[in-house]
$ cat query-v4.cif   # mmCIF, C-alpha atoms and all ligand atoms
data_model
loop_
_atom_site.label_atom_id
_atom_site.label_comp_id
_atom_site.auth_asym_id
_atom_site.auth_seq_id
_atom_site.Cartn_x
_atom_site.Cartn_y
_atom_site.Cartn_z
CA MET I 536 -33.60 4.07 -42.18
CA GLY I 537 -33.66 6.28 -45.31
CA LEU I 538 -31.22 9.04 -44.35
CA LYS I 539 -27.67 8.95 -45.69
CA ILE I 540 -24.80 9.86 -43.39
CA THR I 541 -22.33 12.27 -44.99
CA VAL I 542 -18.67 12.32 -43.93
CA GLU I 543 -16.26 15.23 -43.73
CA ARG I 544 -12.81 14.08 -42.67
CA SER I 545 -10.56 16.11 -40.39
CA THR I 546 -7.57 17.64 -42.15
CA SER I 547 -5.68 18.23 -38.90
CA PRO I 548 -5.69 15.03 -36.80
CA LYS I 549 -4.92 15.58 -33.13
CA GLN I 550 -2.04 14.11 -31.19
CA LYS I 551 -3.27 10.96 -29.42
CA PRO I 552 -2.87 10.71 -25.64
CA ASP I 553 -0.51 8.34 -23.84
CA THR I 554 -2.74 5.28 -23.49
CA SER I 555 -0.78 3.86 -20.55
CA ASN I 556 -2.02 6.73 -18.42
CA LEU I 557 -5.61 7.48 -19.44
CA VAL I 558 -8.17 9.01 -17.12
CA PHE I 559 -11.91 9.00 -17.77
CA GLY I 560 -13.37 11.38 -20.36
CA LYS I 561 -10.55 13.91 -20.88
CA HIS I 562 -9.57 13.23 -24.49
CA PHE I 563 -11.77 13.17 -27.57
CA THR I 564 -11.16 11.66 -31.01
CA ASP I 565 -10.85 13.47 -34.36
CA HIS I 566 -14.49 13.15 -35.43
CA MET I 567 -18.04 13.40 -34.09
CA PHE I 568 -21.52 12.59 -35.35
CA ILE I 569 -24.30 15.17 -35.40
CA MET I 570 -27.87 15.21 -36.70
CA ASP I 571 -30.53 17.90 -36.22
CA TYR I 572 -34.26 17.89 -35.60
CA ASP I 573 -36.81 20.51 -36.56
CA ALA I 574 -40.53 20.17 -35.85
CA GLY I 575 -42.31 19.51 -39.15
CA GLN I 576 -39.14 18.11 -40.73
CA GLY I 577 -38.06 15.44 -38.24
CA TRP I 578 -34.44 14.31 -37.80
CA HIS I 579 -32.29 15.40 -40.73
CA ASP I 580 -28.74 15.91 -42.01
CA PRO I 581 -26.93 13.06 -40.26
CA ARG I 582 -23.23 13.79 -40.65
CA ILE I 583 -19.79 12.87 -39.39
CA ILE I 584 -17.61 15.95 -39.10
CA PRO I 585 -14.29 16.89 -37.50
CA TYR I 586 -14.63 17.11 -33.69
CA GLN I 587 -15.38 20.74 -32.92
CA PRO I 588 -17.14 23.11 -30.54
CA ILE I 589 -20.82 23.75 -31.27
CA SER I 590 -22.49 27.12 -31.30
CA LEU I 591 -25.82 27.63 -29.50
CA ASP I 592 -28.05 30.59 -28.81
CA PRO I 593 -27.87 31.55 -25.09
CA ALA I 594 -31.65 31.05 -24.97
CA ALA I 595 -31.37 27.40 -26.12
CA LYS I 596 -33.76 25.44 -23.92
CA VAL I 597 -31.16 22.94 -22.79
CA PHE I 598 -29.38 25.66 -20.78
CA HIS I 599 -32.50 26.62 -18.87
CA TYR I 600 -34.72 23.58 -18.51
CA GLY I 601 -32.33 20.67 -18.89
CA GLN I 602 -34.18 18.88 -21.68
CA THR I 603 -31.36 16.52 -22.54
CA VAL I 604 -30.51 12.81 -22.42
CA PHE I 605 -27.35 10.75 -22.87
CA GLU I 606 -26.00 7.22 -23.10
CA GLY I 607 -22.71 5.55 -22.31
CA MET I 608 -21.24 2.62 -24.25
CA LYS I 609 -17.78 1.19 -24.83
CA ALA I 610 -15.86 -0.21 -27.81
CA TYR I 611 -12.99 -2.63 -27.23
CA LYS I 612 -10.26 -3.90 -29.46
CA THR I 613 -7.66 -6.54 -28.87
CA PRO I 614 -4.39 -6.02 -30.75
CA GLY I 615 -5.03 -7.17 -34.34
CA GLY I 616 -8.62 -8.16 -33.50
CA PRO I 617 -11.98 -6.69 -34.55
CA VAL I 618 -13.66 -3.76 -32.84
CA LEU I 619 -16.32 -5.02 -30.42
CA LEU I 620 -19.41 -3.35 -29.02
CA PHE I 621 -21.40 -4.73 -26.09
CA ARG I 622 -25.21 -4.92 -26.48
CA PRO I 623 -25.34 -1.57 -28.33
CA PHE I 624 -29.05 -1.86 -29.18
CA LYS I 625 -29.91 -2.06 -25.46
CA ASN I 626 -28.36 1.38 -25.03
CA LEU I 627 -30.09 2.80 -28.09
CA GLN I 628 -33.43 1.46 -26.87
CA ARG I 629 -32.82 3.05 -23.48
CA LEU I 630 -31.87 6.30 -25.21
CA ASN I 631 -35.32 6.32 -26.79
CA ARG I 632 -37.00 5.48 -23.46
CA SER I 633 -35.18 8.46 -21.94
CA ASN I 634 -36.20 10.57 -24.95
CA THR I 635 -39.84 9.67 -24.43
CA ARG I 636 -39.67 10.59 -20.73
CA LEU I 637 -38.08 13.96 -21.54
CA SER I 638 -40.54 14.70 -24.43
CA ILE I 639 -37.73 14.43 -26.99
CA PRO I 640 -38.57 12.87 -30.38
CA SER I 641 -37.34 9.30 -30.88
CA ILE I 642 -34.29 8.51 -32.94
CA ASP I 643 -34.18 5.76 -35.55
CA GLU I 644 -32.13 3.10 -33.72
CA ASP I 645 -30.81 1.58 -36.96
CA LEU I 646 -29.58 4.97 -38.11
CA ALA I 647 -27.96 5.63 -34.72
CA MET I 648 -26.28 2.20 -34.93
CA GLU I 649 -25.01 2.95 -38.44
CA ALA I 650 -23.70 6.33 -37.24
CA LEU I 651 -21.92 4.63 -34.35
CA LYS I 652 -20.32 2.05 -36.63
CA GLN I 653 -19.13 4.58 -39.20
CA LEU I 654 -17.80 7.00 -36.59
CA ILE I 655 -15.91 4.30 -34.70
CA LYS I 656 -14.45 2.91 -37.95
CA ILE I 657 -13.16 6.38 -38.88
CA ASP I 658 -11.56 6.87 -35.45
CA GLU I 659 -10.60 3.21 -34.95
CA ASP I 660 -6.93 4.11 -34.36
CA TRP I 661 -8.01 5.91 -31.19
CA ILE I 662 -9.20 2.72 -29.48
CA PRO I 663 -6.66 2.01 -26.74
CA THR I 664 -5.66 -1.59 -26.09
CA ASP I 665 -3.80 -1.32 -22.76
CA GLU I 666 -5.26 -3.30 -19.84
CA GLY I 667 -8.31 -1.53 -18.37
CA THR I 668 -8.75 0.87 -21.31
CA SER I 669 -11.47 1.22 -23.97
CA LEU I 670 -13.14 3.74 -26.23
CA TYR I 671 -16.03 5.33 -24.33
CA ILE I 672 -18.96 6.32 -26.55
CA ARG I 673 -21.20 9.18 -25.48
CA PRO I 674 -24.38 9.63 -27.56
CA PHE I 675 -26.53 12.56 -26.35
CA VAL I 676 -29.41 14.80 -27.31
CA ILE I 677 -29.84 18.47 -26.44
CA SER I 678 -32.79 20.79 -27.00
CA THR I 679 -31.63 23.74 -29.06
CA GLN I 680 -34.68 25.93 -29.68
CA ALA I 681 -33.99 29.52 -28.55
CA THR I 682 -37.07 30.33 -26.48
CA LEU I 683 -37.64 30.65 -22.76
CA GLY I 684 -41.17 29.23 -22.63
CA VAL I 685 -41.37 26.04 -20.59
CA SER I 686 -42.49 23.61 -23.28
CA PRO I 687 -40.85 20.80 -25.26
CA SER I 688 -38.30 22.20 -27.70
CA GLU I 689 -39.08 22.20 -31.42
CA GLN I 690 -35.40 21.79 -32.29
CA TYR I 691 -32.75 19.31 -31.12
CA SER I 692 -29.30 18.02 -31.93
CA PHE I 693 -28.25 14.40 -31.48
CA MET I 694 -24.49 13.93 -31.22
CA ILE I 695 -22.03 11.10 -30.62
CA ILE I 696 -18.55 11.79 -29.29
CA LEU I 697 -15.80 9.27 -28.53
CA SER I 698 -13.23 9.30 -25.76
CA PRO I 699 -10.33 6.87 -25.14
CA VAL I 700 -10.57 6.07 -21.43
CA GLY I 701 -8.91 4.26 -18.57
CA SER I 702 -10.63 3.27 -15.31
CA TYR I 703 -13.56 5.39 -14.20
CA TYR I 704 -12.34 5.39 -10.61
CA ALA I 705 -8.84 6.42 -9.57
CA GLU I 706 -8.83 3.16 -7.57
CA GLY I 707 -8.92 1.17 -10.87
CA ILE I 708 -10.15 -2.35 -10.11
CA ASN I 709 -9.34 -1.89 -6.40
CA PRO I 710 -12.31 -1.58 -4.03
CA VAL I 711 -13.97 1.83 -3.68
CA SER I 712 -15.34 3.35 -0.48
CA ILE I 713 -18.94 4.49 -0.56
CA PHE I 714 -20.83 6.91 1.68
CA VAL I 715 -24.47 5.98 2.30
CA GLU I 716 -26.39 9.24 1.83
CA SER I 717 -29.03 10.15 4.40
CA GLU I 718 -29.59 13.87 3.77
CA TYR I 719 -30.02 14.29 0.00
CA VAL I 720 -32.09 12.18 -2.41
CA ARG I 721 -31.46 11.55 -6.07
CA ALA I 722 -34.88 10.70 -7.50
CA VAL I 723 -38.36 9.41 -6.76
CA ALA I 724 -40.57 7.04 -8.75
CA GLY I 725 -42.62 9.05 -11.24
CA GLY I 726 -39.74 11.50 -11.68
CA VAL I 727 -36.86 11.03 -14.09
CA GLY I 728 -34.63 8.73 -12.03
CA ASN I 729 -34.90 5.91 -14.55
CA ALA I 730 -34.08 8.19 -17.51
CA LYS I 731 -30.49 8.96 -18.37
CA THR I 732 -30.76 12.71 -18.14
CA GLY I 733 -28.28 15.30 -16.93
CA GLY I 734 -30.47 16.57 -14.10
CA ASN I 735 -30.16 13.30 -12.19
CA TYR I 736 -26.41 13.74 -12.12
CA ALA I 737 -26.58 17.46 -11.28
CA ALA I 738 -28.88 16.56 -8.36
CA GLY I 739 -26.21 14.21 -7.04
CA LEU I 740 -23.21 16.52 -7.19
CA LYS I 741 -23.64 18.17 -3.79
CA ALA I 742 -23.80 14.83 -1.99
CA GLN I 743 -20.88 13.52 -4.02
CA GLU I 744 -18.82 16.61 -3.22
CA GLU I 745 -19.49 16.23 0.50
CA ALA I 746 -18.75 12.48 0.42
CA SER I 747 -15.56 13.14 -1.49
CA GLY I 748 -14.51 15.66 1.21
CA LYS I 749 -14.81 12.79 3.70
CA GLY I 750 -12.65 10.50 1.55
CA TYR I 751 -15.40 8.54 -0.24
CA SER I 752 -15.50 7.90 -4.02
CA GLN I 753 -19.27 7.99 -4.43
CA VAL I 754 -22.55 7.98 -2.53
CA LEU I 755 -25.06 5.17 -2.20
CA TRP I 756 -28.55 6.60 -2.64
CA LEU I 757 -31.52 5.56 -0.55
CA ASP I 758 -35.10 5.90 -1.82
CA GLY I 759 -36.63 9.36 -1.60
CA VAL I 760 -39.87 8.35 0.15
CA HIS I 761 -38.94 6.07 3.07
CA ARG I 762 -35.27 7.04 3.05
CA LYS I 763 -34.34 3.45 3.77
CA TYR I 764 -34.35 1.31 0.63
CA ILE I 765 -31.14 1.07 -1.36
CA GLU I 766 -31.34 2.47 -4.89
CA GLU I 767 -28.03 2.92 -6.70
CA VAL I 768 -24.57 4.46 -6.46
CA GLY I 769 -23.76 7.78 -8.24
CA SER I 770 -22.68 6.17 -11.49
CA MET I 771 -23.47 2.49 -10.99
CA ASN I 772 -26.13 -0.03 -10.04
CA VAL I 773 -25.27 -2.02 -6.97
CA PHE I 774 -25.15 -5.71 -5.96
CA PHE I 775 -24.63 -7.31 -2.53
CA LYS I 776 -23.77 -10.93 -1.74
CA ILE I 777 -25.66 -11.83 1.41
CA ASP I 778 -25.51 -15.34 2.83
CA GLY I 779 -24.64 -16.91 -0.52
CA LYS I 780 -27.32 -15.11 -2.54
CA VAL I 781 -26.88 -12.01 -4.67
CA VAL I 782 -29.34 -9.19 -4.01
CA THR I 783 -29.82 -6.09 -6.14
CA PRO I 784 -32.52 -3.42 -5.82
CA ALA I 785 -35.49 -4.11 -8.11
CA LEU I 786 -36.19 -1.56 -10.85
CA ASN I 787 -38.80 0.66 -9.24
CA GLY I 788 -39.04 3.63 -11.57
CA SER I 789 -36.37 5.72 -9.89
CA ILE I 790 -33.38 3.43 -10.51
CA LEU I 791 -31.50 3.36 -13.80
CA ASP I 792 -32.11 0.20 -15.84
CA GLY I 793 -28.41 -0.50 -16.36
CA VAL I 794 -27.26 -2.61 -19.31
CA THR I 795 -24.37 -3.96 -17.21
CA ARG I 796 -26.84 -4.59 -14.36
CA ASP I 797 -29.07 -6.67 -16.62
CA SER I 798 -26.07 -8.52 -18.06
CA VAL I 799 -24.64 -9.36 -14.62
CA ILE I 800 -28.01 -10.71 -13.44
CA GLN I 801 -28.14 -13.00 -16.49
CA VAL I 802 -24.51 -14.09 -16.05
CA LEU I 803 -25.03 -14.94 -12.36
CA LYS I 804 -28.13 -16.96 -13.18
CA HIS I 805 -26.20 -18.72 -15.95
CA TRP I 806 -23.70 -19.73 -13.25
CA ASN I 807 -26.58 -21.02 -11.09
CA ILE I 808 -26.07 -18.32 -8.49
CA GLU I 809 -29.31 -17.22 -6.91
CA VAL I 810 -30.14 -13.58 -7.67
CA GLU I 811 -32.91 -11.62 -5.99
CA GLU I 812 -34.17 -8.35 -7.48
CA ARG I 813 -36.09 -6.83 -4.61
CA LYS I 814 -36.32 -4.07 -2.07
CA LEU I 815 -33.29 -4.07 0.20
CA SER I 816 -33.24 -1.74 3.18
CA ILE I 817 -30.13 -0.23 4.72
CA ASP I 818 -31.23 -1.83 8.03
CA GLU I 819 -31.20 -5.28 6.43
CA LEU I 820 -27.73 -4.58 5.08
CA VAL I 821 -26.40 -3.39 8.45
CA GLU I 822 -27.98 -6.44 10.13
CA ALA I 823 -26.32 -8.76 7.58
CA TYR I 824 -23.01 -7.00 8.21
CA ARG I 825 -23.36 -7.45 11.98
CA LYS I 826 -24.23 -11.13 11.56
CA GLY I 827 -21.26 -11.60 9.23
CA THR I 828 -23.44 -12.61 6.24
CA LEU I 829 -22.70 -9.54 4.09
CA GLU I 830 -20.00 -11.22 2.07
CA GLU I 831 -19.22 -8.70 -0.66
CA ALA I 832 -20.60 -5.85 -2.72
CA PHE I 833 -19.90 -4.41 -6.14
CA GLY I 834 -21.22 -1.76 -8.49
CA THR I 835 -21.97 -2.19 -12.20
CA GLY I 836 -22.01 0.39 -14.98
CA THR I 837 -20.70 1.01 -18.46
CA ALA I 838 -18.08 3.45 -17.28
CA ALA I 839 -17.21 1.58 -14.08
CA VAL I 840 -17.75 -1.96 -15.54
CA ILE I 841 -17.53 -3.92 -12.25
CA SER I 842 -16.30 -1.98 -9.27
CA PRO I 843 -15.80 -3.81 -5.96
CA ILE I 844 -16.92 -1.97 -2.83
CA GLY I 845 -14.51 -2.22 0.09
CA GLU I 846 -16.22 0.03 2.61
CA LEU I 847 -19.66 1.50 3.28
CA ASN I 848 -20.16 4.37 5.71
CA TRP I 849 -23.65 4.54 7.19
CA GLN I 850 -24.20 7.42 9.60
CA GLY I 851 -20.60 7.38 10.73
CA ASP I 852 -20.33 3.59 11.18
CA LYS I 853 -17.84 2.02 8.82
CA MET I 854 -18.63 -1.40 7.38
CA THR I 855 -15.56 -3.01 5.86
CA LEU I 856 -16.44 -5.68 3.31
CA ASN I 857 -14.27 -8.71 2.65
CA GLU I 858 -11.50 -7.02 4.69
CA GLY I 859 -11.48 -4.18 2.16
CA ARG I 860 -10.29 -6.51 -0.61
CA THR I 861 -11.96 -7.47 -3.87
CA GLY I 862 -14.25 -10.42 -3.13
CA PRO I 863 -14.02 -13.67 -5.12
CA LEU I 864 -17.43 -13.20 -6.79
CA SER I 865 -16.69 -9.56 -7.73
CA GLU I 866 -13.39 -10.71 -9.21
CA LYS I 867 -15.04 -13.54 -11.16
CA VAL I 868 -17.78 -11.26 -12.53
CA TYR I 869 -15.18 -8.60 -13.44
CA GLU I 870 -12.98 -11.10 -15.26
CA PHE I 871 -15.93 -12.60 -17.13
CA MET I 872 -17.58 -9.31 -18.12
CA THR I 873 -14.36 -7.64 -19.26
CA GLY I 874 -13.33 -10.88 -21.03
CA LEU I 875 -16.67 -10.94 -22.89
CA GLN I 876 -16.43 -7.27 -23.81
CA LYS I 877 -12.87 -7.67 -25.12
CA GLY I 878 -13.74 -10.87 -26.97
CA VAL I 879 -11.31 -13.08 -25.02
CA VAL I 880 -14.06 -15.11 -23.32
CA GLU I 881 -16.63 -17.05 -25.34
CA ASP I 882 -19.98 -15.21 -25.49
CA PRO I 883 -22.81 -17.67 -24.72
CA PHE I 884 -25.38 -14.84 -24.81
CA GLY I 885 -24.82 -13.36 -28.28
CA TRP I 886 -24.22 -9.91 -26.75
CA VAL I 887 -20.98 -8.93 -28.45
CA VAL I 888 -21.31 -7.15 -31.79
CA LYS I 889 -18.34 -7.09 -34.18
CA LEU I 890 -17.97 -3.93 -36.18
C1 LIG N 1 -21.93 5.16 -17.72
O1 LIG N 1 -21.63 4.22 -17.00
O2 LIG N 1 -21.78 5.14 -18.95
C2 LIG N 1 -22.48 6.36 -17.15
O3 LIG N 1 -23.25 6.97 -17.81
C3 LIG N 1 -22.02 6.80 -15.86
C4 LIG N 1 -21.45 8.12 -15.93
C5 LIG N 1 -22.34 9.24 -15.70
C6 LIG N 1 -20.06 8.33 -16.20
#
$ encode --input "query-v4.cif" --output "structure tokens" --more "lines below"
Ligand code: COI
Amino acid sequence: MGLKITVERSTSPKQKPDTSNLVFGKHFTDHMFIMDYDAGQGWHDPRIIPYQPISLDPAAKVFHYGQTVFEGMKAYKTPGGPVLLFRPFKNLQRLNRSNTRLSIPSIDEDLAMEALKQLIKIDEDWIPTDEGTSLYIRPFVISTQATLGVSPSEQYSFMIILSPVGSYYAEGINPVSIFVESEYVRAVAGGVGNAKTGGNYAAGLKAQEEASGKGYSQVLWLDGVHRKYIEEVGSMNVFFKIDGKVVTPALNGSILDGVTRDSVIQVLKHWNIEVEERKLSIDELVEAYRKGTLEEAFGTGTAAVISPIGELNWQGDKMTLNEGRTGPLSEKVYEFMTGLQKGVVEDPFGWVVKL
């Protein structure tokens, strides 16, 4: 690891938000982590400093060419209990896979882990404990070199910010309605769909805005080539229970390799529930719905955790799942995953890391 993290404490702590009424990503804690990269020098000066705006040259590459990646993780705390992280190394490994895809230099995962631990310890009092709340962790890298040539930046900053959050969706744990997108596409294999980079989300905003205007929380993306295979939802991977089996789209290069996705697959298998990772077309889904074998559906993600899907709209036809209520499997997976993450359910997988 080698580098030592310096700490400058805030002298003017902020007022903490009302934790009984938290929305996603609006409030930030008193401190942040930052470390810089310069070609020839590598990553240097890892430091925890008071949370503050950053200053960048208007020509910084990130503004023009989107060379940036991010991660999402959560810390939980039960009253009086330790602070818990869920599979943090999986996220740091994925951060480096995204870095590689975006031609960003890798980050020492042990150093990033140490930075995370120290930062969370310093802002531990910000971790909310109300039902459905947690401390969302947002590590990210931006390219900072001030030049307009289209080439990998020679300078970067890696930062970690922390945000006490409630449910990602306004619906909370109640089922969300999803619009199946047929006009726009999010990503294609060979592109950056499986990297966690801002452009993927920017590419989805138009569709999300239109779906939201029709009363839907998010869109369900179909593949960009055949426009028929299910990929993922705006901020989640997606699972369907069809005729007793659970089906989720296989990782194909354009879908995000979700940490919650991977965990849910392992949990379902541990419960002896059959899981298929494969291509799943919208036609197969509609057919299953018509036959009455589409039993339930849910999304998985760090921010969303487990989010039941109550309705899918495909080309104007509404498919209501489990009468619009949370299905028994979605409920069971939600209870187990959130129980694991909060440390109230025994962890047979060794996934939970105590700070
Ligand atoms: C997460 O689940 O952490 C995500 O990154 C989704 C999001 C863009 C809020």
$ closest_residue --input "query-v4.cif" --among "I:Asn729, I:Ser770, I:Asp660, I:Pro593" --to "Lys551 in chain I" --atoms "all atoms listed in the file"
I:Asp660
$ closest_residue --input "query-v4.cif" --among "I:Glu881, I:Asp643, I:Glu830, I:Asp818" --to "Val781 in chain I" --atoms "all atoms listed in the file"
I:Glu830
$ residues_near_ligand --input "query-v4.cif" --ligand "ligand LIG 1 (chain N)" --cutoff "7 Å" --atoms "all atoms listed in the file" --output "JSON, numbers by chain"
{"I": [606, 607, 608, 770, 771, 836, 837, 838, 839]}
$ residues_around --input "query-v4.cif" --residues "Lys539 in chain I" --least-positions-apart "2" --cutoff "7 Å" --atoms "only C-alpha atoms" --output "count of residues only"
3
$ closest_residue --input "query-v4.cif" --among "I:Gly878, I:Met567, I:Ile777, I:Asn634" --to "Arg825 in chain I" --atoms "all atoms listed in the file"
I:Ile777
$ residues_near_point --input "query-v4.cif" --point "(-6.9, 8.7, -19.7)" --cutoff "12 Å" --atoms "only C-alpha atoms" --output "PyMOL selection string"
chain I and resi 551-563+661-663+665+667-671+698-705+707
$ residues_near_point --input "query-v4.cif" --point "(-36.4, 13.0, -31.7)" --cutoff "10 Å" --atoms "only C-alpha atoms" --output "ChimeraX atom specification"
/I:571-574,577-578,631,634-635,638-643,676,678,689-693
$ residues_around --input "query-v4.cif" --residues "Pro710 in chain I" --least-positions-apart "3" --cutoff "7 Å" --atoms "only C-alpha atoms" --output "list in words"
Glu706, Ser842, Pro843, Ile844, Gly845, Gly859, Arg860 and Thr861 of chain I
$ closest_residue --input "query-v4.cif" --among "I:Val711, I:Val887, I:Leu637, I:Ile655" --to "Gln602 in chain I" --atoms "all atoms listed in the file"
I:Leu637
$ decode --input "query-v4.cif" --residues "range 864-872 of chain I" --atoms "all heavy atoms" --output "PDB file, in the first residue's frame"
ATOM      1  N   LEU I 864     -41.407 -14.182  -2.858  1.00  0.00           N
ATOM      2  CA  LEU I 864     -39.957 -14.382  -3.019  1.00  0.00           C
ATOM      3  C   LEU I 864     -39.229 -13.034  -2.900  1.00  0.00           C
ATOM      4  O   LEU I 864     -38.201 -12.942  -2.223  1.00  0.00           O
ATOM      5  CB  LEU I 864     -39.638 -15.047  -4.368  1.00  0.00           C
ATOM      6  CG  LEU I 864     -38.154 -15.329  -4.561  1.00  0.00           C
ATOM      7  CD1 LEU I 864     -37.648 -16.366  -3.537  1.00  0.00           C
ATOM      8  CD2 LEU I 864     -37.847 -15.800  -5.975  1.00  0.00           C
ATOM      9  N   SER I 865     -39.773 -11.991  -3.533  1.00  0.00           N
ATOM     10  CA  SER I 865     -39.153 -10.661  -3.439  1.00  0.00           C
ATOM     11  C   SER I 865     -39.040 -10.240  -1.979  1.00  0.00           C
ATOM     12  O   SER I 865     -38.014  -9.725  -1.530  1.00  0.00           O
ATOM     13  CB  SER I 865     -39.970  -9.609  -4.187  1.00  0.00           C
ATOM     14  OG  SER I 865     -40.324 -10.054  -5.462  1.00  0.00           O
ATOM     15  N   GLU I 866     -40.101 -10.489  -1.236  1.00  0.00           N
ATOM     16  CA  GLU I 866     -40.141 -10.129   0.188  1.00  0.00           C
ATOM     17  C   GLU I 866     -39.063 -10.897   0.963  1.00  0.00           C
ATOM     18  O   GLU I 866     -38.314 -10.329   1.758  1.00  0.00           O
ATOM     19  CB  GLU I 866     -41.538 -10.503   0.727  1.00  0.00           C
ATOM     20  CG  GLU I 866     -41.729 -10.333   2.194  1.00  0.00           C
ATOM     21  CD  GLU I 866     -42.326  -8.978   2.543  1.00  0.00           C
ATOM     22  OE1 GLU I 866     -43.224  -8.537   1.809  1.00  0.00           O
ATOM     23  OE2 GLU I 866     -41.876  -8.382   3.546  1.00  0.00           O
ATOM     24  N   LYS I 867     -38.972 -12.204   0.665  1.00  0.00           N
ATOM     25  CA  LYS I 867     -38.008 -13.055   1.377  1.00  0.00           C
ATOM     26  C   LYS I 867     -36.573 -12.608   1.064  1.00  0.00           C
ATOM     27  O   LYS I 867     -35.733 -12.526   1.956  1.00  0.00           O
ATOM     28  CB  LYS I 867     -38.228 -14.510   0.944  1.00  0.00           C
ATOM     29  CG  LYS I 867     -37.422 -15.506   1.724  1.00  0.00           C
ATOM     30  CD  LYS I 867     -37.788 -16.945   1.382  1.00  0.00           C
ATOM     31  CE  LYS I 867     -36.779 -17.883   2.043  1.00  0.00           C
ATOM     32  NZ  LYS I 867     -36.854 -19.245   1.618  1.00  0.00           N
ATOM     33  N   VAL I 868     -36.316 -12.328  -0.215  1.00  0.00           N
ATOM     34  CA  VAL I 868     -34.961 -11.905  -0.616  1.00  0.00           C
ATOM     35  C   VAL I 868     -34.655 -10.545   0.023  1.00  0.00           C
ATOM     36  O   VAL I 868     -33.559 -10.324   0.537  1.00  0.00           O
ATOM     37  CB  VAL I 868     -34.838 -11.822  -2.161  1.00  0.00           C
ATOM     38  CG1 VAL I 868     -33.486 -11.289  -2.576  1.00  0.00           C
ATOM     39  CG2 VAL I 868     -35.053 -13.193  -2.789  1.00  0.00           C
ATOM     40  N   TYR I 869     -35.648  -9.649   0.020  1.00  0.00           N
ATOM     41  CA  TYR I 869     -35.446  -8.316   0.627  1.00  0.00           C
ATOM     42  C   TYR I 869     -35.102  -8.457   2.107  1.00  0.00           C
ATOM     43  O   TYR I 869     -34.127  -7.869   2.593  1.00  0.00           O
ATOM     44  CB  TYR I 869     -36.714  -7.461   0.452  1.00  0.00           C
ATOM     45  CG  TYR I 869     -36.623  -6.149   1.185  1.00  0.00           C
ATOM     46  CD1 TYR I 869     -35.990  -5.053   0.605  1.00  0.00           C
ATOM     47  CD2 TYR I 869     -37.146  -6.003   2.480  1.00  0.00           C
ATOM     48  CE1 TYR I 869     -35.878  -3.853   1.284  1.00  0.00           C
ATOM     49  CE2 TYR I 869     -37.036  -4.805   3.167  1.00  0.00           C
ATOM     50  CZ  TYR I 869     -36.402  -3.742   2.567  1.00  0.00           C
ATOM     51  OH  TYR I 869     -36.286  -2.551   3.246  1.00  0.00           O
ATOM     52  N   GLU I 870     -35.895  -9.253   2.811  1.00  0.00           N
ATOM     53  CA  GLU I 870     -35.683  -9.405   4.258  1.00  0.00           C
ATOM     54  C   GLU I 870     -34.300  -9.996   4.526  1.00  0.00           C
ATOM     55  O   GLU I 870     -33.585  -9.548   5.416  1.00  0.00           O
ATOM     56  CB  GLU I 870     -36.753 -10.331   4.880  1.00  0.00           C
ATOM     57  CG  GLU I 870     -38.150  -9.743   4.931  1.00  0.00           C
ATOM     58  CD  GLU I 870     -38.234  -8.483   5.792  1.00  0.00           C
ATOM     59  OE1 GLU I 870     -37.433  -8.354   6.732  1.00  0.00           O
ATOM     60  OE2 GLU I 870     -39.089  -7.613   5.504  1.00  0.00           O
ATOM     61  N   PHE I 871     -33.921 -11.006   3.728  1.00  0.00           N
ATOM     62  CA  PHE I 871     -32.645 -11.669   3.965  1.00  0.00           C
ATOM     63  C   PHE I 871     -31.478 -10.725   3.647  1.00  0.00           C
ATOM     64  O   PHE I 871     -30.548 -10.580   4.441  1.00  0.00           O
ATOM     65  CB  PHE I 871     -32.543 -12.949   3.121  1.00  0.00           C
ATOM     66  CG  PHE I 871     -31.312 -13.750   3.425  1.00  0.00           C
ATOM     67  CD1 PHE I 871     -31.233 -14.529   4.570  1.00  0.00           C
ATOM     68  CD2 PHE I 871     -30.209 -13.714   2.574  1.00  0.00           C
ATOM     69  CE1 PHE I 871     -30.081 -15.263   4.867  1.00  0.00           C
ATOM     70  CE2 PHE I 871     -29.063 -14.439   2.861  1.00  0.00           C
ATOM     71  CZ  PHE I 871     -28.994 -15.217   4.009  1.00  0.00           C
ATOM     72  N   MET I 872     -31.528 -10.086   2.492  1.00  0.00           N
ATOM     73  CA  MET I 872     -30.417  -9.218   2.077  1.00  0.00           C
ATOM     74  C   MET I 872     -30.256  -8.031   3.026  1.00  0.00           C
ATOM     75  O   MET I 872     -29.139  -7.698   3.418  1.00  0.00           O
ATOM     76  CB  MET I 872     -30.639  -8.705   0.641  1.00  0.00           C
ATOM     77  CG  MET I 872     -30.512  -9.769  -0.416  1.00  0.00           C
ATOM     78  SD  MET I 872     -28.862 -10.464  -0.530  1.00  0.00           S
ATOM     79  CE  MET I 872     -27.947  -9.034  -1.072  1.00  0.00           C
TER      80      MET I 872
END
